[in-house]
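Everything below concerns the one structure shown next.
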Amino acid sequence: MTVIIDKHADDFGLTTATSNVIFDLCQDNKLDSISLMVNMSCFDEALDKLRIISKSKNISIHLNLLEGKAVSNKKDIQWLVDGDSKFKRSWFDFFILNFSPNRNAIKKEIKHELKNQLLKGINALDTKNIRIDSHQHLHMIPIVFKALVEVVNENELKLSYIRVSKEPILPYLKQPKLYKTYSVVNIVKNLILNLFSFYVEKHCNQLNLEKMYIWGLIMSGKMDYERIEILKNEFYKYSLKKERKIEMIFHPGSSQNNELETELNEEDRGFYLSKNRDIERETLYKL
């Protein structure tokens with residue numbers, strides 16, 4: 001088996017600036033696939049660009065219950081959103097929800113919004129080749145994944161790919177000189193998602209869906225060229241041994257502050273305005 005790397009960019013449709021960077025990368029053939037956010041205000045503008053590149057790239061629907069505004073009417077998803085229809089819950093809120101006695105009632109709200117986002121994305125992409133991933137890998141949390149599976153089954157949707165957010169830890173462990181460069185939060189998230197992946201993989205196996213390892217969780221927010229060069233041989237060897245492709249996940253292109261003012265709380269904007277996103281763009285041009 002030859003190591004196959006899928007260079008992927010999340011967050012197409014987040015803002016005009018971010019979408020423009022991802023569009024240019026696609027036009028320059030630096031990306032193999034991208035993920036489309038359907039709930040942000042620049043969606044229609046992003047869709048015009050998407051139609052130009054959709055025939056040459058794999059497009060996933062980037063389900064999002066964490067940031068921006070909901071697609072559904074706020075009265076139907078009151079746990080999820082505030083009075084302005086902006087999502088108000090954190091990743092940790094969804095994690096804790098798994099243990100709540102009210103989880104089944106709230107799961108109905110999650111299903112409602114996931115269904116509307118999926119249908120909006122399917123209509124926009126005009127395809128039966130449905131690929132799914134999510135913002136901050138939220139679909140990997142059991143209650144969200146169960147809601148997603150129910151939406152897919154009840155609406156008889158035909159899937160070709162669901163991201164299994166399973167990032168091998170061994171390649172990182174074999175490069176101790178990089179240990180201090182990783183975020184502790186991302187390491188913890190890696191371990192949690194690896195645990196959740198067993199449940200998601202079981203469903204993917206039942207549907208005979210292709211599974212790829214991801215690379216870009218522990219380094220999320222700064223997939224820089226220098227560390228990729230150090231780690232790549234270890235990732236390649238691991239991929240060959242397991243006979244599994246690798247989806248390298250990038251978040252290229254920083255947004256403009258004025259683009260986020262009406263959709264994100266001030267404390268959430270740092271990641272999207274970070275110059276590290278420009279570093280990720282530069283990395284893709286070097287690879």
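In the structure tokens, chains take letters A, B, ... by order of appearance, with residues numbered from 1 within each chain and ligands from 1 in the order shown.
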At most 8 Å is the cut-off: for each residue in segment 107-169 of chain A with any atom that close to an atom of segment 213-220 of chain A, write down the nearest atom pair and the distance in Å rounded to one decimal, counting only C-alpha atoms, chain first then increasing number, as JSON lines.
{"residue": "A:Val164", "atom": "CA", "partner": "A:Tyr213", "partner_atom": "CA", "distance": 7.2}
{"residue": "A:Ser165", "atom": "CA", "partner": "A:Ile214", "partner_atom": "CA", "distance": 6.0}
{"residue": "A:Lys166", "atom": "CA", "partner": "A:Tyr213", "partner_atom": "CA", "distance": 5.5}
{"residue": "A:Glu167", "atom": "CA", "partner": "A:Ile214", "partner_atom": "CA", "distance": 4.9}
{"residue": "A:Pro168", "atom": "CA", "partner": "A:Tyr213", "partner_atom": "CA", "distance": 7.1}
Write a file of the selected residues as a short mmCIF file (atom, residue, chain, number, x, y, z; two decimals), in the first residue's frame, keeping N, CA, C and O atoms.
data_model
loop_
_atom_site.label_atom_id
_atom_site.label_comp_id
_atom_site.auth_asym_id
_atom_site.auth_seq_id
_atom_site.Cartn_x
_atom_site.Cartn_y
_atom_site.Cartn_z
N VAL A 164 -14.01 9.81 11.08
CA VAL A 164 -13.72 9.19 12.37
C VAL A 164 -12.53 9.95 12.95
O VAL A 164 -11.42 9.83 12.45
N SER A 165 -12.77 10.74 13.96
CA SER A 165 -11.73 11.61 14.50
C SER A 165 -10.80 10.82 15.42
O SER A 165 -10.79 10.96 16.64
N LYS A 166 -10.01 9.99 14.77
CA LYS A 166 -9.08 9.10 15.48
C LYS A 166 -7.67 9.44 15.03
O LYS A 166 -7.28 9.11 13.91
N GLU A 167 -6.93 10.12 15.88
CA GLU A 167 -5.57 10.53 15.55
C GLU A 167 -4.59 9.65 16.31
O GLU A 167 -4.60 9.62 17.55
N PRO A 168 -3.70 8.95 15.61
CA PRO A 168 -2.72 8.10 16.30
C PRO A 168 -1.83 8.93 17.22
O PRO A 168 -1.36 10.00 16.85
#
Item to complete: For Lys211 of chain A, please output as a list in words all residues within 10 Å (counting only C-alpha atoms; exclusion window: fewer than 6 positions along the same chain).
Response: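 The neighbour list is Tyr161, Ile162, Arg163, Val164, Ser165, Lys166, Glu201, Cys204, Asn205, Arg244, Lys245, Ile246 and Glu247 of chain A.
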Mind dumping the selected residues with N, CA, C and O atoms as an mmCIF file, in the first residue's frame?
data_model
loop_
_atom_site.group_PDB
_atom_site.id
_atom_site.type_symbol
_atom_site.label_atom_id
_atom_site.label_comp_id
_atom_site.auth_asym_id
_atom_site.auth_seq_id
_atom_site.Cartn_x
_atom_site.Cartn_y
_atom_site.Cartn_z
ATOM 1 N N TYR A 161 -19.080 9.018 3.435
ATOM 2 C CA TYR A 161 -17.977 9.212 4.366
ATOM 3 C C TYR A 161 -18.452 9.949 5.606
ATOM 4 O O TYR A 161 -19.209 10.919 5.515
ATOM 5 N N ILE A 162 -18.044 9.452 6.766
ATOM 6 C CA ILE A 162 -18.171 10.170 8.033
ATOM 7 C C ILE A 162 -16.776 10.197 8.654
ATOM 8 O O ILE A 162 -16.131 9.157 8.781
ATOM 9 N N ARG A 163 -16.319 11.373 9.011
ATOM 10 C CA ARG A 163 -14.993 11.456 9.623
ATOM 11 C C ARG A 163 -14.968 10.721 10.960
ATOM 12 O O ARG A 163 -15.806 10.964 11.830
ATOM 13 N N VAL A 164 -14.008 9.815 11.085
ATOM 14 C CA VAL A 164 -13.718 9.193 12.374
ATOM 15 C C VAL A 164 -12.530 9.950 12.950
ATOM 16 O O VAL A 164 -11.417 9.829 12.452
ATOM 17 N N SER A 165 -12.772 10.737 13.962
ATOM 18 C CA SER A 165 -11.731 11.615 14.504
ATOM 19 C C SER A 165 -10.801 10.819 15.418
ATOM 20 O O SER A 165 -10.791 10.965 16.642
ATOM 21 N N LYS A 166 -10.011 9.987 14.772
ATOM 22 C CA LYS A 166 -9.082 9.101 15.481
ATOM 23 C C LYS A 166 -7.671 9.437 15.028
ATOM 24 O O LYS A 166 -7.275 9.106 13.912
ATOM 25 N N GLU A 201 -16.628 4.060 14.649
ATOM 26 C CA GLU A 201 -16.086 3.108 13.675
ATOM 27 C C GLU A 201 -17.009 1.910 13.485
ATOM 28 O O GLU A 201 -17.137 1.389 12.380
ATOM 29 N N CYS A 204 -19.549 2.936 11.029
ATOM 30 C CA CYS A 204 -18.953 3.061 9.695
ATOM 31 C C CYS A 204 -18.706 1.680 9.078
ATOM 32 O O CYS A 204 -18.882 1.491 7.868
ATOM 33 N N ASN A 205 -18.320 0.728 9.896
ATOM 34 C CA ASN A 205 -18.114 -0.635 9.396
ATOM 35 C C ASN A 205 -19.420 -1.241 8.910
ATOM 36 O O ASN A 205 -19.460 -1.936 7.885
ATOM 37 N N ARG A 244 -4.248 2.254 6.194
ATOM 38 C CA ARG A 244 -5.310 3.246 6.329
ATOM 39 C C ARG A 244 -4.794 4.612 5.874
ATOM 40 O O ARG A 244 -3.660 4.983 6.189
ATOM 41 N N LYS A 245 -5.597 5.347 5.144
ATOM 42 C CA LYS A 245 -5.222 6.677 4.673
ATOM 43 C C LYS A 245 -5.180 7.674 5.825
ATOM 44 O O LYS A 245 -5.655 7.395 6.929
ATOM 45 N N ILE A 246 -4.614 8.842 5.542
ATOM 46 C CA ILE A 246 -4.526 9.907 6.535
ATOM 47 C C ILE A 246 -5.213 11.158 6.002
ATOM 48 O O ILE A 246 -4.933 11.603 4.887
ATOM 49 N N GLU A 247 -6.109 11.704 6.794
ATOM 50 C CA GLU A 247 -6.733 12.990 6.477
ATOM 51 C C GLU A 247 -6.025 14.075 7.282
ATOM 52 O O GLU A 247 -6.185 14.165 8.506
#
Discussion item. DSSP on the backbone: which residues in segment 124-281 of chain A end up as alpha helix (DSSP H)? Give the answer as a ChimeraX atom specification.
Written reply: /A:124-125,142-154,170-173,184-206,225-242,257-260,270-273,276-281
Write out as a PDB file with all heavy atoms, in the first residue's frame each polymer residue whose atoms come within 10 Å of Leu47 of chain A, counting only C-alpha atoms; drop sequence neighbours fewer than 6 positions from it.
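selection-v6.pdb, freshly written:
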ATOM      1  N   PHE A  12     -14.691  26.126   5.402  1.00  0.00           N
ATOM      2  CA  PHE A  12     -15.118  26.886   4.228  1.00  0.00           C
ATOM      3  C   PHE A  12     -16.531  27.394   4.515  1.00  0.00           C
ATOM      4  O   PHE A  12     -17.425  26.627   4.870  1.00  0.00           O
ATOM      5  CB  PHE A  12     -15.128  25.990   2.980  1.00  0.00           C
ATOM      6  CG  PHE A  12     -15.339  26.739   1.699  1.00  0.00           C
ATOM      7  CD1 PHE A  12     -14.287  27.378   1.068  1.00  0.00           C
ATOM      8  CD2 PHE A  12     -16.598  26.817   1.108  1.00  0.00           C
ATOM      9  CE1 PHE A  12     -14.463  28.076  -0.119  1.00  0.00           C
ATOM     10  CE2 PHE A  12     -16.795  27.510  -0.072  1.00  0.00           C
ATOM     11  CZ  PHE A  12     -15.727  28.145  -0.692  1.00  0.00           C
ATOM     12  N   GLY A  13     -16.730  28.705   4.380  1.00  0.00           N
ATOM     13  CA  GLY A  13     -18.019  29.298   4.721  1.00  0.00           C
ATOM     14  C   GLY A  13     -18.049  29.921   6.096  1.00  0.00           C
ATOM     15  O   GLY A  13     -19.089  30.447   6.506  1.00  0.00           O
ATOM     16  N   SER A  19     -12.926  31.787   3.513  1.00  0.00           N
ATOM     17  CA  SER A  19     -13.385  31.087   2.311  1.00  0.00           C
ATOM     18  C   SER A  19     -12.519  31.447   1.100  1.00  0.00           C
ATOM     19  O   SER A  19     -12.215  30.580   0.267  1.00  0.00           O
ATOM     20  CB  SER A  19     -14.850  31.421   2.022  1.00  0.00           C
ATOM     21  OG  SER A  19     -15.677  31.012   3.087  1.00  0.00           O
ATOM     22  N   LEU A  36     -17.729  22.313   4.336  1.00  0.00           N
ATOM     23  CA  LEU A  36     -18.602  23.475   4.168  1.00  0.00           C
ATOM     24  C   LEU A  36     -19.455  23.709   5.401  1.00  0.00           C
ATOM     25  O   LEU A  36     -20.226  22.844   5.822  1.00  0.00           O
ATOM     26  CB  LEU A  36     -19.516  23.260   2.955  1.00  0.00           C
ATOM     27  CG  LEU A  36     -20.644  24.270   2.748  1.00  0.00           C
ATOM     28  CD1 LEU A  36     -20.071  25.642   2.400  1.00  0.00           C
ATOM     29  CD2 LEU A  36     -21.608  23.796   1.658  1.00  0.00           C
ATOM     30  N   VAL A  38     -22.646  25.560   6.898  1.00  0.00           N
ATOM     31  CA  VAL A  38     -23.869  26.042   6.245  1.00  0.00           C
ATOM     32  C   VAL A  38     -24.619  27.081   7.077  1.00  0.00           C
ATOM     33  O   VAL A  38     -25.635  27.608   6.624  1.00  0.00           O
ATOM     34  CB  VAL A  38     -24.820  24.867   5.920  1.00  0.00           C
ATOM     35  CG1 VAL A  38     -24.118  23.819   5.073  1.00  0.00           C
ATOM     36  CG2 VAL A  38     -25.388  24.239   7.190  1.00  0.00           C
ATOM     37  N   SER A  54     -16.337  22.422  -6.847  1.00  0.00           N
ATOM     38  CA  SER A  54     -16.973  21.209  -6.321  1.00  0.00           C
ATOM     39  C   SER A  54     -16.742  19.967  -7.173  1.00  0.00           C
ATOM     40  O   SER A  54     -16.780  18.843  -6.664  1.00  0.00           O
ATOM     41  CB  SER A  54     -18.477  21.438  -6.142  1.00  0.00           C
ATOM     42  OG  SER A  54     -19.086  21.755  -7.384  1.00  0.00           O
ATOM     43  N   GLY A 121     -27.203  21.690   3.379  1.00  0.00           N
ATOM     44  CA  GLY A 121     -25.954  21.355   2.710  1.00  0.00           C
ATOM     45  C   GLY A 121     -26.155  20.477   1.497  1.00  0.00           C
ATOM     46  O   GLY A 121     -25.541  20.691   0.445  1.00  0.00           O
ATOM     47  N   ALA A 124     -27.517  22.496  -1.276  1.00  0.00           N
ATOM     48  CA  ALA A 124     -26.500  23.392  -1.834  1.00  0.00           C
ATOM     49  C   ALA A 124     -25.512  22.651  -2.716  1.00  0.00           C
ATOM     50  O   ALA A 124     -25.112  23.143  -3.777  1.00  0.00           O
ATOM     51  CB  ALA A 124     -25.762  24.100  -0.696  1.00  0.00           C
ATOM     52  N   LEU A 125     -25.131  21.461  -2.282  1.00  0.00           N
ATOM     53  CA  LEU A 125     -24.136  20.690  -3.025  1.00  0.00           C
ATOM     54  C   LEU A 125     -24.745  19.936  -4.196  1.00  0.00           C
ATOM     55  O   LEU A 125     -24.039  19.540  -5.126  1.00  0.00           O
ATOM     56  CB  LEU A 125     -23.442  19.695  -2.085  1.00  0.00           C
ATOM     57  CG  LEU A 125     -22.602  20.318  -0.961  1.00  0.00           C
ATOM     58  CD1 LEU A 125     -22.128  19.241   0.006  1.00  0.00           C
ATOM     59  CD2 LEU A 125     -21.414  21.072  -1.534  1.00  0.00           C
TER      60      LEU A 125
END
Practice prompt. For Asp32 of chain A, please output as a list in words all residues within 6 Å (counting only C-alpha atoms; exclusion window: fewer than 3 positions along the same chain).
Written response: Asp6, Lys7, His8 and Lys57 of chain A
How would the residues just chosen look if you wrote them out with all heavy atoms as an mmCIF file, in the first residue's frame?
data_model
loop_
_atom_site.group_PDB
_atom_site.id
_atom_site.type_symbol
_atom_site.label_atom_id
_atom_site.label_comp_id
_atom_site.auth_asym_id
_atom_site.auth_seq_id
_atom_site.Cartn_x
_atom_site.Cartn_y
_atom_site.Cartn_z
ATOM 1 N N ASP A 6 -4.792 12.798 2.375
ATOM 2 C CA ASP A 6 -5.855 13.700 1.928
ATOM 3 C C ASP A 6 -5.655 15.028 2.643
ATOM 4 O O ASP A 6 -5.853 15.128 3.858
ATOM 5 C CB ASP A 6 -7.226 13.100 2.263
ATOM 6 C CG ASP A 6 -8.373 13.943 1.747
ATOM 7 O OD1 ASP A 6 -8.707 14.974 2.388
ATOM 8 O OD2 ASP A 6 -8.935 13.581 0.703
ATOM 9 N N LYS A 7 -5.217 16.037 1.907
ATOM 10 C CA LYS A 7 -5.018 17.362 2.498
ATOM 11 C C LYS A 7 -6.359 18.086 2.525
ATOM 12 O O LYS A 7 -6.931 18.386 1.485
ATOM 13 C CB LYS A 7 -3.970 18.144 1.703
ATOM 14 C CG LYS A 7 -2.557 17.590 1.848
ATOM 15 C CD LYS A 7 -1.543 18.363 1.032
ATOM 16 C CE LYS A 7 -1.727 18.123 -0.450
ATOM 17 N NZ LYS A 7 -0.679 18.783 -1.269
ATOM 18 N N HIS A 8 -6.817 18.365 3.709
ATOM 19 C CA HIS A 8 -8.197 18.830 3.906
ATOM 20 C C HIS A 8 -8.223 20.154 4.673
ATOM 21 O O HIS A 8 -7.460 20.355 5.607
ATOM 22 C CB HIS A 8 -8.970 17.773 4.705
ATOM 23 C CG HIS A 8 -10.387 18.139 4.977
ATOM 24 N ND1 HIS A 8 -11.437 17.715 4.176
ATOM 25 C CD2 HIS A 8 -10.948 18.886 5.953
ATOM 26 C CE1 HIS A 8 -12.566 18.184 4.654
ATOM 27 N NE2 HIS A 8 -12.295 18.904 5.739
ATOM 28 N N LYS A 57 -13.069 18.577 -6.090
ATOM 29 C CA LYS A 57 -12.748 18.346 -4.688
ATOM 30 C C LYS A 57 -13.883 17.612 -3.983
ATOM 31 O O LYS A 57 -15.053 17.785 -4.322
ATOM 32 C CB LYS A 57 -12.492 19.675 -3.950
ATOM 33 C CG LYS A 57 -11.478 20.593 -4.622
ATOM 34 C CD LYS A 57 -10.089 19.977 -4.678
ATOM 35 C CE LYS A 57 -9.132 20.872 -5.455
ATOM 36 N NZ LYS A 57 -7.804 20.236 -5.638
#
Worksheet item: atom CA of Leu264 of chain A to atom CA of Val185 of chain A: how many Å, to one decimal?
Response: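 Distance reported for this atom pair: 21.2 Å.
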Worksheet entry | Option closest in space to Asn39 of chain A, from A:Asp268, A:Phe23, A:Leu119, A:Asn58 [counting only C-alpha atoms] | A:Leu119
Item to complete: Would you kindly return, as a list in words, each protein, DNA or RNA residue with an atom no farther than 12 Å from any atom of Glu243 of chain A, considering only C-alpha atoms and excluding same-chain residues fewer than 4 positions away?
Response: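 My reading of the contact set: Met1, Thr2, Val3, Ile4, Glu210, Lys211, Met212, Tyr213, Phe235, Tyr236, Lys237, Tyr238 and Ser239 of chain A.
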Fill in: All residues 12 Å or closer to Arg89 of chain A, only C-alpha atoms, same chain fewer than 5 positions away omitted, as a list in words
Asn64, Leu65, Leu66, Glu67, Gly68, Lys69, Ala70, Ile77, Gln78, Trp79, Leu80, Val81, Asp82, Phe94, Phe95, Ile96, Leu97, Ile110, Leu138 and Asn265 of chain A
Item to complete: Counting only C-alpha atoms, figure out which residue out of A:Val144, A:Leu195, A:Ile187, A:Leu231 gets nearest to Gln175 of chain A.
Response: A:Leu231
Worksheet entry | Nearest residue to Lys189 of chain A from the set A:Asn129, A:Leu118, A:Glu226, A:Trp91 (distances using only C-alpha atoms) |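 Among the listed residues, A:Trp91 lies closest to Lys189 of chain A.
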Worksheet item: Which residues in segment 3-251 of chain A does DSSP call strand (DSSP E)? List them as a PyMOL selection string.
Response: chain A and resi 5-12+33-36+58-63+130-134+159-162+213-215+246-250
Worksheet, complete the sentence: One residue among A:Cys42, A:Met37, A:Lys158, A:Glu263 is nearest to Thr127 of chain A when using only C-alpha atoms, and that residue is A:Lys158
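Candidate residues A:Leu287, A:Leu114, A:Val152, A:Ile228 were compared for distance to Ser134 of chain A, and the nearest is A:Leu114, using only C-alpha atoms.
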Item to complete: Figure out the distance between atom CA of Ser255 of chain A and atom CA of Tyr272 of chain A, please, to one decimal in Å.
Response: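 If I compute the distance from atom CA of Tyr272 of chain A to atom CA of Ser255 of chain A, I get 5.7 Å.
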Worksheet item: So, counting only C-alpha atoms, which residue among A:Phe99, A:Phe145, A:Phe43, A:Phe87 is closest to His203 of chain A?
Response: A:Phe145
